[in-house]
$ cat coords_21.csv   # CSV, C-alpha atoms and all ligand atoms
chain,number,residue,atom,x,y,z
A,1,MET,CA,247.8,173.9,105.5
A,2,ARG,CA,250.1,171.2,104.2
A,3,LEU,CA,248.8,171.7,100.7
A,4,ILE,CA,249.6,175.4,100.7
A,5,ILE,CA,253.1,174.7,101.8
A,6,LEU,CA,253.5,172.2,99.0
A,7,PHE,CA,252.2,174.6,96.4
A,8,LEU,CA,253.9,177.7,97.6
A,9,PRO,CA,257.2,177.2,95.7
A,10,LEU,CA,255.2,176.6,92.5
A,11,ILE,CA,253.2,179.8,92.9
A,12,LEU,CA,256.4,181.8,93.5
A,13,LEU,CA,258.2,180.2,90.6
A,14,SER,CA,255.4,180.9,88.2
A,15,LYS,CA,255.9,184.6,88.5
A,16,GLU,CA,257.1,186.0,85.1
A,17,ASP,CA,260.3,187.6,86.4
A,18,TRP,CA,261.8,184.3,87.2
A,19,PHE,CA,262.7,184.0,83.6
A,20,ILE,CA,265.7,185.9,82.2
A,21,THR,CA,264.9,188.6,79.7
A,22,LYS,CA,266.3,188.5,76.1
A,23,LEU,CA,268.8,191.3,76.9
A,24,GLU,CA,270.1,189.3,79.9
A,25,TYR,CA,270.5,186.3,77.7
A,26,GLY,CA,272.3,188.4,75.1
A,27,LYS,CA,274.7,189.7,77.8
A,28,MET,CA,275.4,186.1,78.9
A,29,LEU,CA,276.2,185.1,75.3
A,30,TYR,CA,278.3,188.1,74.7
A,31,ASN,CA,280.4,187.3,77.7
A,32,ASN,CA,280.4,183.5,77.1
A,33,PRO,CA,279.5,182.6,73.6
A,34,ARG,CA,280.6,178.9,74.0
A,35,GLY,CA,284.1,180.1,73.0
A,36,ILE,CA,286.4,183.0,73.8
A,37,SER,CA,284.4,185.9,75.3
A,38,CYS,CA,283.6,188.8,73.0
A,39,ALA,CA,284.1,191.1,76.0
A,40,LYS,CA,287.7,190.0,76.4
A,41,CYS,CA,288.6,191.8,73.1
A,42,HIS,CA,285.7,194.3,72.4
A,43,GLY,CA,285.3,195.4,76.0
A,44,LYS,CA,282.6,195.1,78.6
A,45,HIS,CA,280.2,197.4,76.7
A,46,ALA,CA,281.3,196.5,73.2
A,47,GLN,CA,282.9,200.0,73.1
A,48,GLY,CA,286.2,198.6,71.6
A,49,LYS,CA,289.6,198.1,73.2
A,50,ILE,CA,293.3,197.8,72.4
A,51,ILE,CA,294.2,194.2,72.7
A,52,ALA,CA,298.0,194.4,72.2
A,53,LYS,CA,300.8,196.8,71.6
A,54,TYR,CA,304.1,196.0,69.9
A,55,TYR,CA,307.0,197.8,68.2
A,56,GLU,CA,307.9,197.5,64.6
A,57,THR,CA,311.3,198.7,63.2
A,58,LYS,CA,311.3,200.6,60.0
A,59,ASN,CA,314.4,202.4,58.7
A,60,ASN,CA,316.0,202.0,62.1
A,61,LYS,CA,313.0,203.7,63.7
A,62,LYS,CA,310.8,202.1,66.3
A,63,ILE,CA,307.2,202.5,65.6
A,64,LEU,CA,304.5,201.6,68.2
A,65,LYS,CA,301.7,199.5,66.7
A,66,THR,CA,298.5,198.5,68.3
A,67,ILE,CA,295.9,195.8,67.6
A,68,LYS,CA,292.5,197.0,68.3
A,69,ALA,CA,289.1,195.4,68.5
A,70,PRO,CA,286.7,198.0,67.2
A,71,ASN,CA,283.6,199.4,68.8
A,72,ILE,CA,280.7,197.3,67.7
A,73,GLN,CA,277.8,199.1,69.3
A,74,ASN,CA,276.5,200.6,66.1
A,75,ILE,CA,277.3,198.0,63.5
A,76,SER,CA,274.8,196.8,60.9
A,77,PHE,CA,273.3,193.4,61.3
A,78,GLU,CA,274.8,192.2,58.0
A,79,LYS,CA,278.3,193.2,58.9
A,80,PHE,CA,277.9,191.7,62.3
A,81,LYS,CA,276.7,188.3,61.1
A,82,LYS,CA,279.3,188.2,58.3
A,83,LYS,CA,282.1,188.8,60.8
A,84,LEU,CA,281.1,185.9,63.0
A,85,PHE,CA,281.4,183.5,60.0
A,86,HIS,CA,284.5,185.1,58.5
A,87,LYS,CA,286.8,182.8,56.6
A,88,TYR,CA,290.1,184.9,56.4
A,89,LEU,CA,293.0,185.1,58.8
A,90,SER,CA,292.0,187.4,61.7
A,91,VAL,CA,292.9,188.0,65.3
A,92,MET,CA,289.2,187.4,66.0
A,93,PRO,CA,288.1,183.7,66.1
A,94,LYS,CA,285.1,182.7,64.0
A,95,TYR,CA,281.9,181.8,65.7
A,96,ASP,CA,280.2,179.8,63.0
A,97,TYR,CA,278.6,177.4,65.5
A,98,LEU,CA,276.2,180.0,66.9
A,99,THR,CA,272.5,179.5,66.2
A,100,ASN,CA,270.4,182.1,64.5
A,101,GLU,CA,268.7,182.8,67.8
A,102,GLU,CA,272.0,183.3,69.6
A,103,ILE,CA,273.2,185.6,66.9
A,104,ASN,CA,270.1,187.7,67.0
A,105,THR,CA,270.2,187.9,70.8
A,106,ILE,CA,273.9,189.0,70.9
A,107,TYR,CA,273.1,191.6,68.3
A,108,LEU,CA,270.1,192.9,70.3
A,109,TYR,CA,272.3,193.2,73.3
A,110,ILE,CA,275.3,195.0,71.8
A,111,SER,CA,272.9,197.4,70.0
A,112,SER,CA,271.4,198.2,73.4
A,113,LEU,CA,274.8,199.5,74.6
A,114,LYS,CA,274.9,202.5,72.3
A,115,ASP,CA,277.3,205.1,73.5
A,116,LYS,CA,278.2,203.3,76.7
A,117,LYS,CA,281.9,203.5,77.5
B,1,LIG,C1,290.6,187.6,70.3
B,1,LIG,C2,289.9,188.9,70.2
B,1,LIG,C3,288.5,189.0,69.7
B,1,LIG,C4,287.4,188.3,70.2
B,1,LIG,C5,287.4,187.2,71.2
B,1,LIG,C6,286.3,188.7,69.4
B,1,LIG,N1,286.7,189.7,68.5
B,1,LIG,FE1,285.5,190.7,67.2
B,1,LIG,N2,287.1,191.6,66.4
B,1,LIG,C7,288.4,191.5,66.9
B,1,LIG,C8,289.3,192.3,66.1
B,1,LIG,C9,290.8,192.5,66.3
B,1,LIG,C10,288.5,192.9,65.0
B,1,LIG,C11,289.0,193.8,63.9
B,1,LIG,C12,289.9,193.2,62.9
B,1,LIG,C13,289.2,192.2,62.1
B,1,LIG,O1,288.2,192.5,61.5
B,1,LIG,O2,289.7,191.1,62.1
B,1,LIG,C14,287.1,192.4,65.3
B,1,LIG,C15,286.1,192.8,64.5
B,1,LIG,C16,284.7,192.5,64.8
B,1,LIG,C17,283.6,192.9,64.1
B,1,LIG,C18,283.6,193.8,62.8
B,1,LIG,C19,283.7,195.2,63.2
B,1,LIG,C20,283.7,196.1,62.0
B,1,LIG,O3,283.6,197.4,62.2
B,1,LIG,O4,283.9,195.7,60.9
B,1,LIG,C21,282.5,192.4,64.7
B,1,LIG,C22,281.0,192.7,64.3
B,1,LIG,C23,282.9,191.7,65.8
B,1,LIG,N3,284.3,191.7,65.9
B,1,LIG,C24,282.1,191.0,66.8
B,1,LIG,C25,282.5,190.1,67.7
B,1,LIG,C26,281.6,189.3,68.5
B,1,LIG,C27,280.1,189.4,68.5
B,1,LIG,C28,282.4,188.5,69.3
B,1,LIG,C29,282.0,187.4,70.2
B,1,LIG,C30,281.1,186.4,69.7
B,1,LIG,C31,283.8,188.9,69.0
B,1,LIG,N4,283.8,189.8,68.0
B,1,LIG,C32,285.0,188.3,69.6
B,1,LIG,C33,288.8,190.8,68.0
B,1,LIG,C34,288.0,189.9,68.7
$ encode --input "coords_21.csv" --output "structure tokens"
Amino acid sequence: MRLIILFLPLILLSKEDWFITKLEYGKMLYNNPRGISCAKCHGKHAQGKIIAKYYETKNNKKILKTIKAPNIQNISFEKFKKKLFHKYLSVMPKYDYLTNEEINTIYLYISSLKDKK
């Protein structure tokens, strides 16, 4: 009897669903990529979002401008990866410290969100 009680937690933990799936891991990374969250700017479902609004004056006219993080649900892997390592001035920070596995996993996750709003 004692032996069974001792091993019960091990038997329960050995079930496959104890581990998180690749998509769940991707969601975690998208929301917390060891830096500022992608979701903060690109939205919960990578659907894109307006980050800021401001006015610009031109010829005495006030023009409303917006800064938008685009929808990235359907982006190509090449474009996606390049953006994470970008070297120019951008509102978006660079994420050049992410490992290949992390990059692939985030890409898998955002691609799974197609057409979610
Ligand atoms: C501070 C806001 C911000 C954060 C955080 C952010 N982005 Fe961005 N992202 C932008 C903006 C703004 C653009 C568009 C302008 C530009 O390219 O600089 C952009 C562009 C992109 C593009 C290129 C889209 C295209 O159509 O060319 C990709 C891919 C992307 N972001 C992915 C990510 C991922 C993945 C993360 C998290 C690891 C992330 N972004 C975090 C603001 C952000």
$ atom_distance --input "coords_21.csv" --atom1 "atom CA of Lys53 of chain A" --atom2 "atom C31 of ligand LIG 1 (chain B)"
18.9 Å
$ atom_distance --input "coords_21.csv" --atom1 "atom C27 of ligand LIG 1 (chain B)" --atom2 "atom CA of Cys38 of chain A"
5.7 Å
$ residues_around --input "coords_21.csv" --residues "segment 93-103 of chain A" --least-positions-apart "5" --cutoff "9 Å" --atoms "all atoms listed in the file" --output "list in words"
Tyr25, Gly26, Leu29, Pro33, Arg34, Gly35, Ile36, Phe80, Lys81, Lys83, Leu84, Phe85, His86, Lys87 and Leu108 of chain A
$ closest_residue --input "coords_21.csv" --among "A:Ala46, A:Ala52, A:Ile110, A:Ala69" --to "ligand LIG 1 (chain B)" --atoms "only C-alpha atoms and all ligand atoms"
A:Ala69
$ atom_distance --input "coords_21.csv" --atom1 "atom CA of Asn32 of chain A" --atom2 "atom C3 of ligand LIG 1 (chain B)"
12.3 Å
$ closest_residue --input "coords_21.csv" --among "A:Asn104, A:Lys116, A:Ser111, A:Pro70" --to "ligand LIG 1 (chain B)" --atoms "all atoms listed in the file"
A:Pro70
$ closest_residue --input "coords_21.csv" --among "A:Ser112, A:Asn59, A:Thr66, A:Ser37" --to "ligand LIG 1 (chain B)" --atoms "only C-alpha atoms and all ligand atoms"
A:Ser37
$ residues_around --input "coords_21.csv" --residues "Ile50 of chain A" --least-positions-apart "6" --cutoff "12 Å" --atoms "all atoms listed in the file" --output "list of chain:residue names"
A:Ala39, A:Lys40, A:Cys41, A:His42, A:Gly43, A:Lys65, A:Thr66, A:Ile67, A:Lys68, A:Ala69, A:Pro70, A:Asn71
$ closest_residue --input "coords_21.csv" --among "A:Asp115, A:Leu23, A:Ile51, A:Thr105" --to "ligand LIG 1 (chain B)" --atoms "all atoms listed in the file"
A:Ile51
$ closest_residue --input "coords_21.csv" --among "A:Thr57, A:Gln47, A:Asn31, A:Thr21" --to "ligand LIG 1 (chain B)" --atoms "only C-alpha atoms and all ligand atoms"
A:Asn31
